[in-house]
$ cat structure_11.txt   # compact mmCIF, C-alpha atoms and all ligand atoms
# COMPACT_ATOMS: atom_id res chain seq x y z
CA MET A 1 -124.28 97.62 128.60
CA ARG A 2 -127.55 98.74 130.13
CA ILE A 3 -128.19 98.80 133.90
CA ASP A 4 -131.49 100.09 135.29
CA VAL A 5 -132.05 101.12 138.91
CA PHE A 6 -135.46 101.58 140.55
CA THR A 7 -135.48 103.78 143.64
CA ILE A 8 -137.30 106.45 145.59
CA PHE A 9 -134.02 108.43 145.76
CA PRO A 10 -133.12 108.77 142.08
CA ASP A 11 -130.89 111.82 142.62
CA MET A 12 -128.67 109.88 144.98
CA VAL A 13 -128.00 107.14 142.45
CA SER A 14 -127.83 109.25 139.30
CA GLY A 15 -125.52 111.76 141.01
CA PHE A 16 -123.14 108.96 141.82
CA ALA A 17 -123.45 107.32 138.39
CA GLY A 18 -122.64 110.63 136.67
CA GLN A 19 -119.25 111.07 138.36
CA SER A 20 -115.76 109.72 137.92
CA LEU A 21 -115.19 106.42 136.13
CA LEU A 22 -118.90 105.64 135.68
CA GLY A 23 -119.65 109.14 134.41
CA ARG A 24 -116.87 108.88 131.83
CA ALA A 25 -118.03 105.40 130.81
CA SER A 26 -121.54 106.78 130.21
CA ALA A 27 -120.19 109.72 128.23
CA LYS A 28 -118.23 107.27 126.05
CA GLY A 29 -121.37 105.19 125.47
CA LEU A 30 -119.96 102.11 127.21
CA LEU A 31 -122.56 102.13 129.97
CA ASP A 32 -126.24 103.01 129.71
CA MET A 33 -127.39 103.52 133.31
CA ARG A 34 -131.05 104.43 133.73
CA VAL A 35 -132.39 105.50 137.09
CA HIS A 36 -136.16 105.33 137.61
CA ASP A 37 -138.08 107.23 140.29
CA LEU A 38 -140.72 104.94 141.80
CA ARG A 39 -142.74 108.00 142.86
CA GLU A 40 -143.41 108.84 139.22
CA HIS A 41 -145.73 105.88 139.17
CA THR A 42 -147.85 106.75 142.17
CA THR A 43 -151.41 107.89 141.64
CA ASP A 44 -152.20 109.99 144.73
CA VAL A 45 -151.32 113.65 145.38
CA HIS A 46 -148.88 112.73 148.12
CA ARG A 47 -147.01 110.34 145.81
CA THR A 48 -147.21 107.61 148.43
CA VAL A 49 -144.99 104.60 147.85
CA ASP A 50 -145.44 102.80 151.18
CA ASP A 51 -148.13 101.59 153.55
CA SER A 52 -148.48 99.82 156.89
CA PRO A 53 -147.93 96.06 156.99
CA PHE A 54 -150.85 93.62 157.02
CA GLY A 55 -150.85 91.83 160.35
CA GLY A 56 -149.54 94.88 162.15
CA GLY A 57 -146.10 95.74 163.36
CA ALA A 58 -143.73 98.67 163.18
CA GLY A 59 -142.65 100.44 160.05
CA MET A 60 -143.86 100.74 156.52
CA VAL A 61 -143.66 98.50 153.48
CA LEU A 62 -143.19 99.56 149.86
CA ARG A 63 -146.42 98.98 147.94
CA PRO A 64 -146.41 96.80 144.85
CA GLU A 65 -148.33 99.08 142.43
CA PRO A 66 -145.74 101.84 141.83
CA ILE A 67 -142.95 99.27 141.59
CA TYR A 68 -144.79 97.10 139.05
CA ALA A 69 -145.85 100.19 137.07
CA SER A 70 -142.32 101.58 137.01
CA VAL A 71 -140.73 98.30 135.96
CA GLU A 72 -143.37 97.61 133.32
CA ALA A 73 -142.98 101.10 131.85
CA ALA A 74 -139.19 100.82 131.68
CA ASP A 75 -139.06 97.22 130.40
CA PRO A 76 -135.58 96.94 131.95
CA PRO A 77 -132.87 94.40 131.19
CA ARG A 78 -133.20 91.17 133.15
CA PRO A 79 -132.38 89.77 135.61
CA LEU A 80 -133.98 92.27 137.94
CA PHE A 81 -132.42 91.97 141.40
CA LEU A 82 -134.09 93.06 144.60
CA LEU A 83 -131.34 94.58 146.78
CA GLY A 84 -131.47 93.41 150.36
CA PRO A 85 -129.47 91.61 153.02
CA GLY A 86 -131.23 88.32 152.22
CA GLY A 87 -129.78 88.06 148.72
CA ARG A 88 -126.83 86.28 147.15
CA ARG A 89 -123.73 88.05 148.36
CA LEU A 90 -121.81 90.11 145.79
CA ASP A 91 -118.19 89.09 145.29
CA GLN A 92 -115.63 89.73 142.57
CA ALA A 93 -116.66 86.63 140.60
CA MET A 94 -120.27 87.77 140.55
CA ALA A 95 -119.22 91.31 139.56
CA GLN A 96 -117.27 89.78 136.66
CA GLU A 97 -120.25 87.62 135.66
CA LEU A 98 -122.53 90.65 135.62
CA ALA A 99 -119.99 92.71 133.67
CA GLU A 100 -119.99 90.03 130.97
CA SER A 101 -123.79 89.84 130.84
CA GLY A 102 -125.82 91.94 128.43
CA GLY A 103 -127.27 93.99 131.30
CA PHE A 104 -129.32 93.71 134.45
CA SER A 105 -131.46 95.81 136.80
CA MET A 106 -131.73 96.57 140.49
CA LEU A 107 -134.63 97.50 142.73
CA CYS A 108 -133.72 99.36 145.91
CA GLY A 109 -135.70 98.22 148.93
CA ARG A 110 -136.53 100.74 151.68
CA TYR A 111 -138.09 101.04 155.08
CA GLU A 112 -139.01 97.74 156.71
CA GLY A 113 -139.30 95.99 153.41
CA VAL A 114 -140.96 95.57 150.07
CA ASP A 115 -144.29 93.82 149.50
CA ASP A 116 -143.26 90.20 149.08
CA ARG A 117 -145.12 89.79 145.78
CA VAL A 118 -142.49 92.08 144.27
CA ARG A 119 -139.74 89.75 145.47
CA THR A 120 -141.39 86.49 144.45
CA ASP A 121 -143.14 87.52 141.23
CA LEU A 122 -141.57 90.64 139.73
CA CYS A 123 -137.90 90.18 140.60
CA ASP A 124 -135.66 87.41 139.31
CA GLY A 125 -133.34 87.20 142.29
CA GLU A 126 -131.98 88.99 145.35
CA LEU A 127 -128.60 90.58 145.77
CA SER A 128 -126.79 91.63 148.95
CA ILE A 129 -123.54 93.53 149.32
CA GLY A 130 -122.73 92.04 152.71
CA ASP A 131 -123.96 90.73 156.00
CA TYR A 132 -125.19 93.98 157.51
CA VAL A 133 -128.42 95.94 157.20
CA LEU A 134 -128.54 99.25 155.35
CA GLY A 135 -131.43 101.70 155.52
CA GLY A 136 -132.15 100.95 151.89
CA GLY A 137 -130.73 99.53 148.71
CA GLU A 138 -129.37 102.77 147.20
CA VAL A 139 -125.85 102.48 148.60
CA ALA A 140 -125.85 98.81 147.61
CA ALA A 141 -126.88 99.74 144.06
CA MET A 142 -123.98 102.19 143.89
CA VAL A 143 -121.56 99.54 145.12
CA VAL A 144 -122.77 97.13 142.44
CA LEU A 145 -122.63 99.82 139.74
CA GLU A 146 -119.03 100.61 140.60
CA ALA A 147 -117.81 97.03 141.08
CA VAL A 148 -119.43 95.90 137.81
CA GLY A 149 -119.02 99.07 135.75
CA ARG A 150 -115.25 99.16 136.06
CA LEU A 151 -115.04 95.59 134.70
CA VAL A 152 -117.00 96.36 131.54
CA PRO A 153 -114.52 96.22 128.64
CA GLY A 154 -113.16 99.65 127.79
CA VAL A 155 -114.26 101.36 131.01
CA MET A 156 -110.87 101.27 132.72
CA GLY A 157 -108.27 103.21 130.78
CA ASN A 158 -105.53 100.68 131.42
CA SER A 159 -107.33 97.39 130.93
CA ALA A 160 -104.42 95.43 132.44
CA SER A 161 -104.96 97.02 135.84
CA ALA A 162 -108.30 95.30 136.47
CA GLY A 163 -106.70 91.89 136.01
CA ASP A 164 -103.82 92.59 138.34
CA GLU A 165 -105.70 93.67 141.42
CA SER A 166 -107.05 92.08 144.55
CA PHE A 167 -109.29 89.02 144.07
CA SER A 168 -108.73 88.70 140.32
CA ASP A 169 -106.54 85.64 140.98
CA GLY A 170 -108.11 84.81 144.33
CA LEU A 171 -105.30 86.75 146.04
CA LEU A 172 -105.01 90.20 147.57
CA GLU A 173 -103.03 92.73 145.60
CA TYR A 174 -99.27 93.12 146.01
CA PRO A 175 -98.12 96.41 147.59
CA GLN A 176 -97.63 99.39 145.30
CA PHE A 177 -95.20 102.30 145.67
CA THR A 178 -94.52 105.54 143.83
CA LYS A 179 -91.99 108.35 144.18
CA PRO A 180 -90.15 109.31 146.30
CA ALA A 181 -87.95 106.20 146.67
CA GLU A 182 -87.37 107.22 150.29
CA PHE A 183 -90.04 108.88 152.44
CA ARG A 184 -89.54 109.61 156.14
CA GLY A 185 -86.92 106.93 156.35
CA MET A 186 -89.08 104.29 154.63
CA THR A 187 -87.58 102.99 151.42
CA VAL A 188 -89.19 101.36 148.40
CA PRO A 189 -88.03 97.74 148.06
CA GLU A 190 -84.87 97.54 145.98
CA VAL A 191 -86.30 94.90 143.64
CA LEU A 192 -88.91 97.35 142.30
CA ARG A 193 -86.13 99.72 141.25
CA SER A 194 -83.97 96.97 139.74
CA GLY A 195 -85.53 97.05 136.26
CA ASP A 196 -85.51 93.22 136.29
CA HIS A 197 -89.10 92.52 135.21
CA GLY A 198 -88.95 88.77 135.87
CA ARG A 199 -87.74 89.34 139.41
CA ILE A 200 -90.31 92.08 139.95
CA ALA A 201 -93.12 89.76 138.83
CA ARG A 202 -91.91 86.99 141.17
CA TRP A 203 -91.58 89.45 144.06
CA ARG A 204 -95.09 90.75 143.48
CA ARG A 205 -96.52 87.27 143.39
CA ALA A 206 -94.69 86.36 146.60
CA ARG A 207 -95.95 89.49 148.33
CA ALA A 208 -99.52 88.90 147.14
CA LEU A 209 -99.33 85.38 148.53
CA ARG A 210 -97.81 86.50 151.81
CA ARG A 211 -100.36 89.25 152.31
CA THR A 212 -103.24 86.89 151.55
CA ILE A 213 -101.90 84.23 153.92
CA LEU A 214 -101.66 86.80 156.71
CA SER A 215 -104.88 88.78 156.14
CA ARG A 216 -107.25 86.41 154.37
CA PRO A 217 -106.26 82.76 154.87
CA ASP A 218 -109.80 81.82 153.82
CA LEU A 219 -108.94 82.95 150.28
CA ILE A 220 -105.94 80.60 150.19
CA GLU A 221 -108.16 77.77 151.36
CA ALA A 222 -110.70 78.61 148.65
CA ARG A 223 -107.94 78.23 146.03
CA GLY A 224 -107.17 74.76 147.37
CA GLY A 225 -104.09 75.77 149.38
CA LEU A 226 -100.64 76.71 148.15
CA SER A 227 -99.16 75.12 145.03
CA GLU A 228 -95.57 73.89 144.92
CA ALA A 229 -94.68 76.96 142.85
CA ASP A 230 -96.25 79.20 145.50
CA GLU A 231 -94.27 77.47 148.26
CA ALA A 232 -91.07 77.91 146.27
CA LEU A 233 -91.71 81.62 145.77
CA LEU A 234 -92.37 82.10 149.47
CA ALA A 235 -89.17 80.30 150.39
CA ASP A 236 -87.00 82.22 147.90
CA PRO A 237 -84.62 84.42 149.98
CA ASP A 238 -84.13 86.73 147.01
CA LEU A 239 -87.82 87.75 147.29
CA SER A 240 -88.01 88.15 151.05
CA ASP A 241 -87.53 91.94 151.13
N1 LIG B 301 -130.46 96.81 151.69
C1 LIG B 301 -130.33 96.76 153.02
N2 LIG B 301 -129.26 96.06 153.39
C2 LIG B 301 -128.67 95.63 152.23
C3 LIG B 301 -127.53 94.84 151.95
N3 LIG B 301 -126.74 94.35 152.90
N4 LIG B 301 -127.25 94.61 150.65
C4 LIG B 301 -128.04 95.09 149.68
N5 LIG B 301 -129.13 95.83 149.88
C5 LIG B 301 -129.43 96.12 151.16

$ encode --input "structure_11.txt" --output "C-alpha cells"
Amino acid sequence: MRIDVFTIFPDMVSGFAGQSLLGRASAKGLLDMRVHDLREHTTDVHRTVDDSPFGGGAGMVLRPEPIYASVEAADPPRPLFLLGPGGRRLDQAMAQELAESGGFSMLCGRYEGVDDRVRTDLCDGELSIGDYVLGGGEVAAMVVLEAVGRLVPGVMGNSASAGDESFSDGLLEYPQFTKPAEFRGMTVPEVLRSGDHGRIARWRRARALRRTILSRPDLIEARGGLSEADEALLADPDLSD
C-alpha cells in the first residue's frame, strides 16, 4: 500500500515513518511511504514556499506553485487529502476504510494556511485529526500513518489484536493484566487466571461494556444502546469482579 506525504518538514515525517511498527512494515514491503519535500520544487535561491496573503492580514500562506509541481512530479495515489482542522474528522472507521483502500496521499498545511486553489482544485478532500489547531499538518500526517498503517493486513504481528481493541466493536477495550498476579496489594481478577475461556470472554465483554458506559456513553448511543445480551452480561453476578 502506497501513502505519499507532501511537507516542508520531510525529515520529521520520514524519521517517524522509519521507526517501530511502520518502519518494520516498510522493510517487509507492506507499506510504501513516500515523503516529498515541497522546497525541492521552489525556483528561487531562498527556496521560498510561502508569501503574504492577498487582502492583507497577519501570517503567510503556502504558495500554489511548489505544491502543484511536487504533486505533479510524484503522481501520488489518490485521494489526496489536505490536512487541516476543517476536514472530515479521522476515526477508527475511517482509518479502517483507508487501510483497505489501494493508497492515498496527504498534504501538510502550514503557517496561516494554504492557497485555497490547492484545496479546491488539487486536493480531493480534507482530513482533520481533531477539533484543535496544530501548527501544521505534520503531526496529523503521522497520526494518520500510524492509525492506518497498523490496520494494513500483515503489519501487526498478531493480526487478532487489532480486532480486539478499543473502537473495533464500537466499545472501549477491556482491561489487560500481566504478571505478577499480585502487585502492591492489587490482584489480577480471578476469572483471568481460571483458564475458563468462555467465562474469560464473557468477563471481557462485560468489562468493555461497563468501561464504555462509564467513560464514553456516546459510543453506546452510537451503537443503538445496549442489546438484551449486553444487559444480561452486565447483570451477571459471576462477571462482576
Ligand atoms: N493542521 C492543523 N490542525 C490540524 C488538525 N486538527 N488536523 C489535521 N491537520 C491539522

$ residues_near_ligand --input "structure_11.txt" --ligand "ligand LIG 301 (chain B)" --cutoff "7 Å" --atoms "only C-alpha atoms and all ligand atoms" --output "list in words"
Leu83, Gly84, Pro85, Gly109, Leu127, Ser128, Ile129, Gly130, Asp131, Tyr132, Val133, Leu134, Gly135, Gly136, Gly137 and Ala140 of chain A

$ write_last_selection --input "structure_11.txt" --atoms "C-alpha atoms" --output "PDB file, in the coordinates of the input"
ATOM      1  CA  LEU A  83    -131.340  94.580 146.780  1.00  0.00           C
ATOM      2  CA  GLY A  84    -131.470  93.410 150.360  1.00  0.00           C
ATOM      3  CA  PRO A  85    -129.470  91.610 153.020  1.00  0.00           C
ATOM      4  CA  GLY A 109    -135.700  98.220 148.930  1.00  0.00           C
ATOM      5  CA  LEU A 127    -128.600  90.580 145.770  1.00  0.00           C
ATOM      6  CA  SER A 128    -126.790  91.630 148.950  1.00  0.00           C
ATOM      7  CA  ILE A 129    -123.540  93.530 149.320  1.00  0.00           C
ATOM      8  CA  GLY A 130    -122.730  92.040 152.710  1.00  0.00           C
ATOM      9  CA  ASP A 131    -123.960  90.730 156.000  1.00  0.00           C
ATOM     10  CA  TYR A 132    -125.190  93.980 157.510  1.00  0.00           C
ATOM     11  CA  VAL A 133    -128.420  95.940 157.200  1.00  0.00           C
ATOM     12  CA  LEU A 134    -128.540  99.250 155.350  1.00  0.00           C
ATOM     13  CA  GLY A 135    -131.430 101.700 155.520  1.00  0.00           C
ATOM     14  CA  GLY A 136    -132.150 100.950 151.890  1.00  0.00           C
ATOM     15  CA  GLY A 137    -130.730  99.530 148.710  1.00  0.00           C
ATOM     16  CA  ALA A 140    -125.850  98.810 147.610  1.00  0.00           C
TER      17      ALA A 140
END

$ residues_around --input "structure_11.txt" --residues "A:Val118" --least-positions-apart "3" --cutoff "12 Å" --atoms "only C-alpha atoms" --output "PyMOL selection string"
chain A and resi 61-71+80-83+107-109+113-115+121-126

$ residues_around --input "structure_11.txt" --residues "stretch 31-39 of chain A" --least-positions-apart "6" --cutoff "7 Å" --atoms "all atoms listed in the file" --output "list in words"
Met1, Arg2, Ile3, Asp4, Val5, Phe6, Thr7, Ile8, Phe9, Pro10, Ser14, Ala25, Arg47, Val49, Pro66, Ile67 and Ser70 of chain A

$ write_last_selection --input "structure_11.txt" --atoms "C-alpha atoms" --output "PDB file, in the frame of the given file"
ATOM      1  CA  MET A   1    -124.280  97.620 128.600  1.00  0.00           C
ATOM      2  CA  ARG A   2    -127.550  98.740 130.130  1.00  0.00           C
ATOM      3  CA  ILE A   3    -128.190  98.800 133.900  1.00  0.00           C
ATOM      4  CA  ASP A   4    -131.490 100.090 135.290  1.00  0.00           C
ATOM      5  CA  VAL A   5    -132.050 101.120 138.910  1.00  0.00           C
ATOM      6  CA  PHE A   6    -135.460 101.580 140.550  1.00  0.00           C
ATOM      7  CA  THR A   7    -135.480 103.780 143.640  1.00  0.00           C
ATOM      8  CA  ILE A   8    -137.300 106.450 145.590  1.00  0.00           C
ATOM      9  CA  PHE A   9    -134.020 108.430 145.760  1.00  0.00           C
ATOM     10  CA  PRO A  10    -133.120 108.770 142.080  1.00  0.00           C
ATOM     11  CA  SER A  14    -127.830 109.250 139.300  1.00  0.00           C
ATOM     12  CA  ALA A  25    -118.030 105.400 130.810  1.00  0.00           C
ATOM     13  CA  ARG A  47    -147.010 110.340 145.810  1.00  0.00           C
ATOM     14  CA  VAL A  49    -144.990 104.600 147.850  1.00  0.00           C
ATOM     15  CA  PRO A  66    -145.740 101.840 141.830  1.00  0.00           C
ATOM     16  CA  ILE A  67    -142.950  99.270 141.590  1.00  0.00           C
ATOM     17  CA  SER A  70    -142.320 101.580 137.010  1.00  0.00           C
TER      18      SER A  70
END

$ residues_around --input "structure_11.txt" --residues "A:Gly225" --least-positions-apart "3" --cutoff "12 Å" --atoms "only C-alpha atoms" --output "VMD selection string"
chain A and resid 170 to 171 209 212 to 213 217 to 222 228 to 231

$ closest_residue --input "structure_11.txt" --among "A:Glu138, A:Arg89, A:Gly154, A:Ala147" --to "A:Leu30" --atoms "all atoms listed in the file"
A:Gly154

$ residues_around --input "structure_11.txt" --residues "stretch 96-98 of chain A" --least-positions-apart "5" --cutoff "9 Å" --atoms "only C-alpha atoms" --output "number ranges by chain"
A: 91, 103-104, 147-148, 151-152

$ atom_distance --input "structure_11.txt" --atom1 "atom CA of A:Gln92" --atom2 "atom CA of A:Glu173"
13.3 Å

$ residues_around --input "structure_11.txt" --residues "A:Arg193" --least-positions-apart "4" --cutoff "12 Å" --atoms "all atoms listed in the file" --output "PDB file with C-alpha atoms, in the coordinates of the input"
ATOM      1  CA  PHE A 177     -95.200 102.300 145.670  1.00  0.00           C
ATOM      2  CA  THR A 178     -94.520 105.540 143.830  1.00  0.00           C
ATOM      3  CA  LYS A 179     -91.990 108.350 144.180  1.00  0.00           C
ATOM      4  CA  PRO A 180     -90.150 109.310 146.300  1.00  0.00           C
ATOM      5  CA  ALA A 181     -87.950 106.200 146.670  1.00  0.00           C
ATOM      6  CA  GLU A 182     -87.370 107.220 150.290  1.00  0.00           C
ATOM      7  CA  THR A 187     -87.580 102.990 151.420  1.00  0.00           C
ATOM      8  CA  VAL A 188     -89.190 101.360 148.400  1.00  0.00           C
ATOM      9  CA  PRO A 189     -88.030  97.740 148.060  1.00  0.00           C
ATOM     10  CA  HIS A 197     -89.100  92.520 135.210  1.00  0.00           C
ATOM     11  CA  ARG A 199     -87.740  89.340 139.410  1.00  0.00           C
ATOM     12  CA  ILE A 200     -90.310  92.080 139.950  1.00  0.00           C
ATOM     13  CA  TRP A 203     -91.580  89.450 144.060  1.00  0.00           C
TER      14      TRP A 203
END

$ atom_distance --input "structure_11.txt" --atom1 "atom CA of A:Arg117" --atom2 "atom CA of A:Met12"
26.0 Å

$ residues_near_point --input "structure_11.txt" --point "(-90.8, 88.9, 141.8)" --cutoff "10 Å" --atoms "all atoms listed in the file" --output "PyMOL selection string"
chain A and resi 191-192+196-207+233+236+238-240

$ atom_distance --input "structure_11.txt" --atom1 "atom CA of A:Pro53" --atom2 "atom CA of A:Ala141"
25.0 Å

$ build_atoms --input "structure_11.txt" --residues "stretch 3-23 of chain A" --atoms "N, CA and C atoms" --output "tab-separated table (two decimals), in the frame of the given file"
chain	number	residue	atom	x	y	z
A	3	ILE	N	-127.86	99.15	132.51
A	3	ILE	CA	-128.19	98.80	133.90
A	3	ILE	C	-129.27	99.77	134.37
A	4	ASP	N	-130.41	99.25	134.79
A	4	ASP	CA	-131.49	100.09	135.29
A	4	ASP	C	-131.59	99.98	136.81
A	5	VAL	N	-131.90	101.10	137.45
A	5	VAL	CA	-132.05	101.12	138.91
A	5	VAL	C	-133.39	101.75	139.25
A	6	PHE	N	-134.16	101.09	140.11
A	6	PHE	CA	-135.46	101.58	140.55
A	6	PHE	C	-135.34	101.99	142.01
A	7	THR	N	-135.74	103.23	142.31
A	7	THR	CA	-135.48	103.78	143.64
A	7	THR	C	-136.44	104.91	143.95
A	8	ILE	N	-136.57	105.23	145.25
A	8	ILE	CA	-137.30	106.45	145.59
A	8	ILE	C	-136.33	107.61	145.82
A	9	PHE	N	-135.04	107.36	145.67
A	9	PHE	CA	-134.02	108.43	145.76
A	9	PHE	C	-133.19	108.47	144.48
A	10	PRO	N	-133.84	108.82	143.36
A	10	PRO	CA	-133.12	108.77	142.08
A	10	PRO	C	-131.92	109.71	142.02
A	11	ASP	N	-132.00	110.86	142.71
A	11	ASP	CA	-130.89	111.82	142.62
A	11	ASP	C	-129.61	111.27	143.24
A	12	MET	N	-129.81	110.49	144.30
A	12	MET	CA	-128.67	109.88	144.98
A	12	MET	C	-127.91	108.98	144.02
A	13	VAL	N	-128.64	108.13	143.31
A	13	VAL	CA	-128.00	107.14	142.45
A	13	VAL	C	-127.49	107.79	141.16
A	14	SER	N	-128.29	108.67	140.56
A	14	SER	CA	-127.83	109.25	139.30
A	14	SER	C	-126.68	110.22	139.53
A	15	GLY	N	-126.66	110.89	140.69
A	15	GLY	CA	-125.52	111.76	141.01
A	15	GLY	C	-124.25	110.96	141.06
A	16	PHE	N	-124.30	109.84	141.71
A	16	PHE	CA	-123.14	108.96	141.82
A	16	PHE	C	-122.73	108.41	140.44
A	17	ALA	N	-123.73	107.96	139.68
A	17	ALA	CA	-123.45	107.32	138.39
A	17	ALA	C	-122.90	108.31	137.37
A	18	GLY	N	-123.11	109.62	137.63
A	18	GLY	CA	-122.64	110.63	136.67
A	18	GLY	C	-121.21	111.09	136.91
A	19	GLN	N	-120.59	110.60	137.99
A	19	GLN	CA	-119.25	111.07	138.36
A	19	GLN	C	-118.16	110.07	137.97
A	20	SER	N	-116.95	110.57	137.96
A	20	SER	CA	-115.76	109.72	137.92
A	20	SER	C	-115.79	108.69	136.79
A	21	LEU	N	-115.32	107.50	137.12
A	21	LEU	CA	-115.19	106.42	136.13
A	21	LEU	C	-116.52	106.09	135.45
A	22	LEU	N	-117.60	105.99	136.25
A	22	LEU	CA	-118.90	105.64	135.68
A	22	LEU	C	-119.43	106.75	134.79
A	23	GLY	N	-119.22	107.99	135.22
A	23	GLY	CA	-119.65	109.14	134.41
A	23	GLY	C	-118.94	109.16	133.07
